[in-house]
Amino acid sequence: MPIQILPPGGAPRVLAAAQLSNSLGDGAYYVTSALYFTRVVGLSPTQIGLALTVAWAIGSVTGVPLGALADRKGPRGTAVLLALATSASVASFLFIRSFVPFLLAACLYAVAQCGLAAARQALLAGLVTPAARTGVLAHLQSTLNAGLAVGAALGGLALHYDTRGAYLAVFALDAVSFLLCALVLLRLPAVPRSTAREKGEPRLAVLRDRPYALVTALNAVLLLRMPLLSLAIPLWVVDRTDAPSWLVSALFVLNTLAVMAFQVRMARGVDGPRTATRAVRGSGLVMLASCAVFAFSAAALPVWATVAVLVAGAVLQVVAEMQQSAGSWQISFDLAPAHQVGQYQGFFGTGVPVARTLGPLLLTSLLVVWGVPGWLLLGGIFLAAALAMGPAVRWAERVRAGVDAGRRIESPRPLGGP
C-alpha cells in the first residue's frame with residue numbers, strides 16, 4: 001500500500017499546504033534557536049528556560065479566549081491574523097539583544113501559536129465533515145513531520161556554518177513561512193461565525209465543563225511523551241547507556257519518518273468515541289511496553305544489543321504516539337459543541353504547553369535520577385491515564401446528552417405546532 005502524505009483535494013489540501021509552509025520554517029527554528037540565543041544574542045540557558053516557561057504558561061491560558069474569538073469572529077480570519085502575529089514575533093527575534101525584549105517576543109510567539117492551533121482546528125471543523133476530521137488531521141500530522149524534517153535539514157546547514165548571518169537567515173525563513181501560511185489560509189472559504197450561544201450560557205463555557213476538563217487533563221498526561229523524545233531519552237542514552245551519542249539523532253529521525261509514513265494508516269478506523277478510546281487505551285499499553293524496554297537498555301549488554309533495545313523502545317513509543325494522536329483528535333472534536341469548537345479546541349490544546357512546561361522537570365526526576373524504577377513508574381502513569389480516558393469520555397457524553405436534551409425541552413415550540 002503506497003504511503004499517502006497529502007490529503008484529498010479541496011480544503012484539506014489547502015490546510016496541508018498551510019501546515020507545510022510554516023513547518024518548514026519551524027523545523028529550521030527548532031534546531032538552531034537555542035544556539036542563536038546563547039551564542040549570538042548572549043542569553044544564558046537559565047534566562048532562555050525561564051522566558052520560555054513563562055511564555056508557554058501565558059500561551060496556555062490565552063488559548064481558550066482566542067479559540068472563543070475564532071468562534072465569534074470566524075476561524076479563517078482569526079487564523080490569518082494569528083499566523084501574521086506569529087510571523088511578526090519570529091521576525092522580532094532578529095533585532096533582540098537582551099533578556100526583557102526576548103521575554104516579550106517569546107510571550108507573543110507562544111500566545112499566537114496557541115491561538116493559531118485553536119483557530120485552525122475550528123477552521124477544519126467548519127470545512128470538513130465530522131467523519132473525515134481524524135483522517136484529515138492524520139494527513140496534516142504527516143505533512144507537519146515532512147516539513148519539520150526538511151526544515152531541520154536546512155537548520156543543519158546553519159549549524160554547519162555557525163555564523164550570525166546563517167542563524168539570522170533561519171529566523172527570516174521562519175518568519176516568511178508563517179507569512180506564507182497566512183496567505184495560503186486566505187484561499188480557504190470563510191466559515192460562518194457562531195452566534196448560537198444560549199441564553200445564560202457563559203462566554204467561556206468550556207471552563208465549566210468538568211468532564212471535558214478531565215479528558216483534557218488525561219490527555220496532557222499522555223502528552224508527556226513529547227519531552228520524553230526531545231529531552232529525557234537523549235539524556236538517558238548519553239548518561240545511562242553505552243550506546244553512541246549519534247543514536248539520539250537517529251531515534252529522532254526514526255520518529256519523524258515513522259509518523260510521516262504511517263500516521264494516516266494508524267488513524268484509519270478511528271471514527272467515533274468508542275474507537276477513539278480504544279486507540280488511546282492501546283497506546284497506554286504500548287507506552288508501558290516501551291518504557292519497560294527503555295529501562296532494560298540500562299542492563300549490561302553489548303553495545304550492539306543496547307542499540308537494538310533502544311531502537312525497539314523508540315519503535316514502540318512512536319506506535320503509541322500515533323495511536324494516542326488519532327484517538328485524542330477524535331475525542332476532542334466529538335465532545336465539543338458545534339458552536340464552540342474554537343474555545344474547546346483551545347482548552348484541549350493546553351495539554352501541549354503544560355506537557356512542555358512541566359514535563360522536563362518531571363521526566364528528568366523520574367528517569368535520570370531514579371533510573372529503571374522511574375521508567376516503570378512512568379509506564380504505569382501512561383497506562384493509568386489511558387485506561388481512565390474511556391470512563392471520562394463516557395461521563396462527558398452523558399453530560400453532553402443531558403445538556404442537549406435540556407435545550408430541546410426549553411426551546412420554544414413553533415406557532416401552530418402540536
# chains A, B, ... in the order shown; residues from 1 in each chain; ligands from 1

$ closest_atom_pairs --of "range 201-289 of chain A" --to "range 371-379 of chain A" --cutoff "10 Å" --atoms "only C-alpha atoms" --output "Markdown table"
| residue | atom | partner | partner_atom | distance |
| --- | --- | --- | --- | --- |
| A:Leu224 | CA | A:Leu378 | CA | 9.5 |
| A:Trp236 | CA | A:Gly371 | CA | 8.5 |
| A:Arg240 | CA | A:Gly371 | CA | 8.0 |
| A:Gly284 | CA | A:Gly379 | CA | 7.9 |
| A:Leu285 | CA | A:Gly379 | CA | 8.4 |
| A:Val286 | CA | A:Gly379 | CA | 9.0 |
| A:Met287 | CA | A:Gly379 | CA | 6.1 |
| A:Leu288 | CA | A:Gly379 | CA | 4.1 |
| A:Ala289 | CA | A:Gly379 | CA | 7.4 |

$ write_last_selection --atoms "N, CA, C and O atoms" --output "PDB file, in the first residue's frame"
ATOM      1  N   LEU A 224       3.018  13.754  27.808  1.00  0.00           N
ATOM      2  CA  LEU A 224       4.375  13.756  28.351  1.00  0.00           C
ATOM      3  C   LEU A 224       5.344  13.001  27.457  1.00  0.00           C
ATOM      4  O   LEU A 224       6.561  13.094  27.632  1.00  0.00           O
ATOM      5  N   TRP A 236      18.977   9.963  28.776  1.00  0.00           N
ATOM      6  CA  TRP A 236      19.103   8.558  29.181  1.00  0.00           C
ATOM      7  C   TRP A 236      20.157   7.847  28.342  1.00  0.00           C
ATOM      8  O   TRP A 236      20.993   7.111  28.867  1.00  0.00           O
ATOM      9  N   ARG A 240      23.053   6.935  30.814  1.00  0.00           N
ATOM     10  CA  ARG A 240      22.771   5.634  31.448  1.00  0.00           C
ATOM     11  C   ARG A 240      23.064   4.431  30.563  1.00  0.00           C
ATOM     12  O   ARG A 240      22.862   3.298  31.010  1.00  0.00           O
ATOM     13  N   GLY A 284      -1.719   3.351  25.675  1.00  0.00           N
ATOM     14  CA  GLY A 284      -1.202   3.227  27.033  1.00  0.00           C
ATOM     15  C   GLY A 284      -0.480   1.908  27.252  1.00  0.00           C
ATOM     16  O   GLY A 284       0.581   1.857  27.894  1.00  0.00           O
ATOM     17  N   LEU A 285      -1.039   0.836  26.721  1.00  0.00           N
ATOM     18  CA  LEU A 285      -0.391  -0.473  26.838  1.00  0.00           C
ATOM     19  C   LEU A 285       0.950  -0.491  26.110  1.00  0.00           C
ATOM     20  O   LEU A 285       1.945  -1.018  26.625  1.00  0.00           O
ATOM     21  N   VAL A 286       0.979   0.089  24.914  1.00  0.00           N
ATOM     22  CA  VAL A 286       2.223   0.108  24.141  1.00  0.00           C
ATOM     23  C   VAL A 286       3.264   1.004  24.818  1.00  0.00           C
ATOM     24  O   VAL A 286       4.464   0.689  24.827  1.00  0.00           O
ATOM     25  N   MET A 287       2.826   2.130  25.402  1.00  0.00           N
ATOM     26  CA  MET A 287       3.769   3.004  26.098  1.00  0.00           C
ATOM     27  C   MET A 287       4.356   2.309  27.317  1.00  0.00           C
ATOM     28  O   MET A 287       5.537   2.485  27.636  1.00  0.00           O
ATOM     29  N   LEU A 288       3.552   1.523  28.020  1.00  0.00           N
ATOM     30  CA  LEU A 288       4.090   0.748  29.147  1.00  0.00           C
ATOM     31  C   LEU A 288       5.176  -0.198  28.657  1.00  0.00           C
ATOM     32  O   LEU A 288       6.254  -0.309  29.278  1.00  0.00           O
ATOM     33  N   ALA A 289       4.914  -0.882  27.545  1.00  0.00           N
ATOM     34  CA  ALA A 289       5.923  -1.782  26.982  1.00  0.00           C
ATOM     35  C   ALA A 289       7.170  -1.008  26.556  1.00  0.00           C
ATOM     36  O   ALA A 289       8.303  -1.450  26.783  1.00  0.00           O
TER      37      ALA A 289
END

$ residues_around --residues "range 348-352 of chain A" --least-positions-apart "2" --cutoff "9 Å" --atoms "only C-alpha atoms" --output "MDAnalysis selection string"
chainID A and resid 59:61 63:64 114 117:118 212:213 215:224 226 332 343:346 354:357

$ residues_around --residues "Phe171 in chain A" --least-positions-apart "4" --cutoff "8 Å" --atoms "only C-alpha atoms" --output "PyMOL selection string"
chain A and resi 25+29+90-91+93-94+167+175

$ residues_around --residues "range 388-395 of chain A" --least-positions-apart "5" --cutoff "9 Å" --atoms "only C-alpha atoms" --output "ChimeraX atom specification"
/A:211-212,214-215,218-219,273-274,276-278,280-281,331,335,383,400

$ write_last_selection --atoms "N, CA, C and O atoms" --output "mmCIF file, in the first residue's frame"
data_model
loop_
_atom_site.group_PDB
_atom_site.id
_atom_site.type_symbol
_atom_site.label_atom_id
_atom_site.label_comp_id
_atom_site.auth_asym_id
_atom_site.auth_seq_id
_atom_site.Cartn_x
_atom_site.Cartn_y
_atom_site.Cartn_z
ATOM 1 N N PRO A 211 -16.317 17.355 32.822
ATOM 2 C CA PRO A 211 -15.875 16.141 32.120
ATOM 3 C C PRO A 211 -14.835 16.429 31.041
ATOM 4 O O PRO A 211 -13.864 15.680 30.894
ATOM 5 N N TYR A 212 -15.047 17.520 30.304
ATOM 6 C CA TYR A 212 -14.072 17.851 29.255
ATOM 7 C C TYR A 212 -12.738 18.248 29.878
ATOM 8 O O TYR A 212 -11.671 17.956 29.324
ATOM 9 N N LEU A 214 -11.507 16.981 32.607
ATOM 10 C CA LEU A 214 -10.853 15.724 32.986
ATOM 11 C C LEU A 214 -10.226 15.063 31.767
ATOM 12 O O LEU A 214 -9.081 14.589 31.825
ATOM 13 N N VAL A 215 -10.957 15.028 30.658
ATOM 14 C CA VAL A 215 -10.413 14.453 29.422
ATOM 15 C C VAL A 215 -9.152 15.204 29.006
ATOM 16 O O VAL A 215 -8.145 14.600 28.605
ATOM 17 N N LEU A 218 -6.213 14.252 31.323
ATOM 18 C CA LEU A 218 -5.677 12.930 30.996
ATOM 19 C C LEU A 218 -4.845 12.982 29.715
ATOM 20 O O LEU A 218 -3.785 12.341 29.622
ATOM 21 N N ASN A 219 -5.324 13.759 28.744
ATOM 22 C CA ASN A 219 -4.565 13.890 27.508
ATOM 23 C C ASN A 219 -3.235 14.584 27.754
ATOM 24 O O ASN A 219 -2.219 14.236 27.136
ATOM 25 N N PRO A 273 -16.319 7.943 19.325
ATOM 26 C CA PRO A 273 -15.792 7.848 20.699
ATOM 27 C C PRO A 273 -15.307 6.459 21.091
ATOM 28 O O PRO A 273 -14.295 6.317 21.775
ATOM 29 N N ARG A 274 -16.033 5.403 20.652
ATOM 30 C CA ARG A 274 -15.644 4.055 21.059
ATOM 31 C C ARG A 274 -14.292 3.664 20.448
ATOM 32 O O ARG A 274 -13.404 3.171 21.159
ATOM 33 N N ALA A 276 -12.080 5.676 19.309
ATOM 34 C CA ALA A 276 -11.051 6.604 19.785
ATOM 35 C C ALA A 276 -10.523 6.191 21.150
ATOM 36 O O ALA A 276 -9.307 6.174 21.383
ATOM 37 N N THR A 277 -11.419 5.866 22.077
ATOM 38 C CA THR A 277 -10.960 5.446 23.399
ATOM 39 C C THR A 277 -10.218 4.112 23.320
ATOM 40 O O THR A 277 -9.282 3.877 24.092
ATOM 41 N N ARG A 278 -10.621 3.259 22.377
ATOM 42 C CA ARG A 278 -9.893 2.002 22.193
ATOM 43 C C ARG A 278 -8.461 2.274 21.728
ATOM 44 O O ARG A 278 -7.510 1.631 22.191
ATOM 45 N N VAL A 280 -6.710 5.040 22.299
ATOM 46 C CA VAL A 280 -5.971 5.620 23.419
ATOM 47 C C VAL A 280 -5.593 4.541 24.423
ATOM 48 O O VAL A 280 -4.465 4.521 24.949
ATOM 49 N N ARG A 281 -6.516 3.625 24.702
ATOM 50 C CA ARG A 281 -6.222 2.535 25.632
ATOM 51 C C ARG A 281 -5.058 1.678 25.111
ATOM 52 O O ARG A 281 -4.151 1.303 25.864
ATOM 53 N N ILE A 331 -11.666 12.375 19.949
ATOM 54 C CA ILE A 331 -12.337 12.690 21.209
ATOM 55 C C ILE A 331 -12.534 14.185 21.368
ATOM 56 O O ILE A 331 -13.606 14.658 21.774
ATOM 57 N N LEU A 335 -16.574 15.653 21.588
ATOM 58 C CA LEU A 335 -17.122 16.149 22.842
ATOM 59 C C LEU A 335 -17.333 17.665 22.843
ATOM 60 O O LEU A 335 -17.800 18.214 23.845
ATOM 61 N N LEU A 383 -0.240 4.218 31.347
ATOM 62 C CA LEU A 383 -1.307 3.217 31.257
ATOM 63 C C LEU A 383 -2.533 3.661 32.057
ATOM 64 O O LEU A 383 -3.673 3.531 31.588
ATOM 65 N N ARG A 400 -23.104 15.796 28.052
ATOM 66 C CA ARG A 400 -23.453 16.488 26.808
ATOM 67 C C ARG A 400 -24.850 16.109 26.351
ATOM 68 O O ARG A 400 -25.632 16.962 25.913
#

$ select_by_dssp --residues "range 152-283 of chain A" --states "helix (DSSP H, G or I)" --output "number ranges by chain"
A: 152-161, 164-185, 205-208, 210-222, 225-240, 246-267, 273-283

$ closest_residue --among "A:Glu397, A:Asp26, A:Asp174, A:Asp162" --to "Pro337 in chain A" --atoms "only C-alpha atoms"
A:Glu397

$ atom_distance --atom1 "CA of Ser87 in chain A" --atom2 "CA of Ser177 in chain A"
7.6 Å

$ residues_around --residues "range 34-46 of chain A" --least-positions-apart "4" --cutoff "12 Å" --atoms "only C-alpha atoms" --output "VMD selection string"
chain A and resid 28 to 30 50 to 53 93 to 103 106 155 to 156 158 to 160 162 to 171

$ closest_atom_pairs --of "range 239-304 of chain A" --to "range 142-149 of chain A" --cutoff "7 Å" --atoms "only C-alpha atoms" --output "JSON lines"
{"residue": "A:Thr256", "atom": "CA", "partner": "A:Asn145", "partner_atom": "CA", "distance": 5.8}
{"residue": "A:Val259", "atom": "CA", "partner": "A:Ser142", "partner_atom": "CA", "distance": 6.0}
{"residue": "A:Met260", "atom": "CA", "partner": "A:Ser142", "partner_atom": "CA", "distance": 4.0}
{"residue": "A:Ala261", "atom": "CA", "partner": "A:Ser142", "partner_atom": "CA", "distance": 6.8}
{"residue": "A:Gln263", "atom": "CA", "partner": "A:Ser142", "partner_atom": "CA", "distance": 6.3}

$ write_last_selection --atoms "N, CA, C and O atoms" --output "short mmCIF file (atom, residue, chain, number, x, y, z; two decimals), in the first residue's frame"
data_model
loop_
_atom_site.label_atom_id
_atom_site.label_comp_id
_atom_site.auth_asym_id
_atom_site.auth_seq_id
_atom_site.Cartn_x
_atom_site.Cartn_y
_atom_site.Cartn_z
N THR A 256 10.29 10.83 13.38
CA THR A 256 9.75 11.76 12.39
C THR A 256 9.30 11.03 11.13
O THR A 256 8.20 11.25 10.61
N VAL A 259 6.09 8.73 11.74
CA VAL A 259 4.83 9.48 11.78
C VAL A 259 4.47 9.97 10.38
O VAL A 259 3.29 9.90 9.98
N MET A 260 5.45 10.44 9.64
CA MET A 260 5.19 10.91 8.28
C MET A 260 4.63 9.78 7.41
O MET A 260 3.72 9.99 6.61
N ALA A 261 5.15 8.58 7.60
CA ALA A 261 4.78 7.48 6.72
C ALA A 261 3.52 6.74 7.15
O ALA A 261 2.74 6.27 6.31
N GLN A 263 1.17 7.66 10.03
CA GLN A 263 0.11 8.24 10.84
C GLN A 263 -1.26 8.11 10.18
O GLN A 263 -2.25 7.81 10.85
#

$ residues_around --residues "Ala250 in chain A" --least-positions-apart "6" --cutoff "12 Å" --atoms "only C-alpha atoms" --output "PyMOL selection string"
chain A and resi 229+233-234+237+243-244+256-257+307+310-311+314-315

$ residues_around --residues "Leu108 in chain A" --least-positions-apart "4" --cutoff "9 Å" --atoms "only C-alpha atoms" --output "ChimeraX atom specification"
/A:55,59,85-86,88-89,103-104,112-113

$ closest_residue --among "A:Leu24, A:Ala122, A:Leu362, A:Ala138" --to "Phe333 in chain A" --atoms "only C-alpha atoms"
A:Ala122

$ atom_distance --atom1 "CA of Gln47 in chain A" --atom2 "CA of Trp246 in chain A"
27.9 Å

$ atom_distance --atom1 "CA of Ala57 in chain A" --atom2 "CA of Ser328 in chain A"
21.8 Å

$ closest_atom_pairs --of "range 152-210 of chain A" --to "range 126-129 of chain A" --cutoff "9 Å" --atoms "only C-alpha atoms" --output "tab-separated table"
residue	atom	partner	partner_atom	distance
A:Leu188	CA	A:Leu127	CA	8.8
A:Pro189	CA	A:Leu127	CA	8.2
A:Ala190	CA	A:Leu127	CA	8.9
A:Val191	CA	A:Gly126	CA	5.8
A:Pro192	CA	A:Gly126	CA	8.0

$ write_last_selection --atoms "N, CA and C atoms" --output "compact mmCIF listing (two decimals), in the first residue's frame"
# COMPACT_ATOMS: atom_id res chain seq x y z
N LEU A 188 -8.84 29.57 1.61
CA LEU A 188 -9.95 28.75 2.07
C LEU A 188 -11.24 29.55 2.10
N PRO A 189 -12.37 28.89 1.93
CA PRO A 189 -13.64 29.61 2.06
C PRO A 189 -13.87 30.02 3.51
N ALA A 190 -14.56 31.12 3.69
CA ALA A 190 -14.85 31.60 5.04
C ALA A 190 -15.84 30.66 5.73
N VAL A 191 -15.61 30.40 7.00
CA VAL A 191 -16.52 29.60 7.81
C VAL A 191 -17.39 30.55 8.61
N PRO A 192 -18.72 30.40 8.56
CA PRO A 192 -19.58 31.33 9.30
C PRO A 192 -19.24 31.35 10.78

$ closest_residue --among "A:Thr32, A:Gln317, A:Gln330, A:Gln121" --to "Leu228 in chain A" --atoms "only C-alpha atoms"
A:Gln317

$ closest_residue --among "A:Arg76, A:Arg210, A:His339, A:Arg265" --to "Gln141 in chain A" --atoms "only C-alpha atoms"
A:Arg265
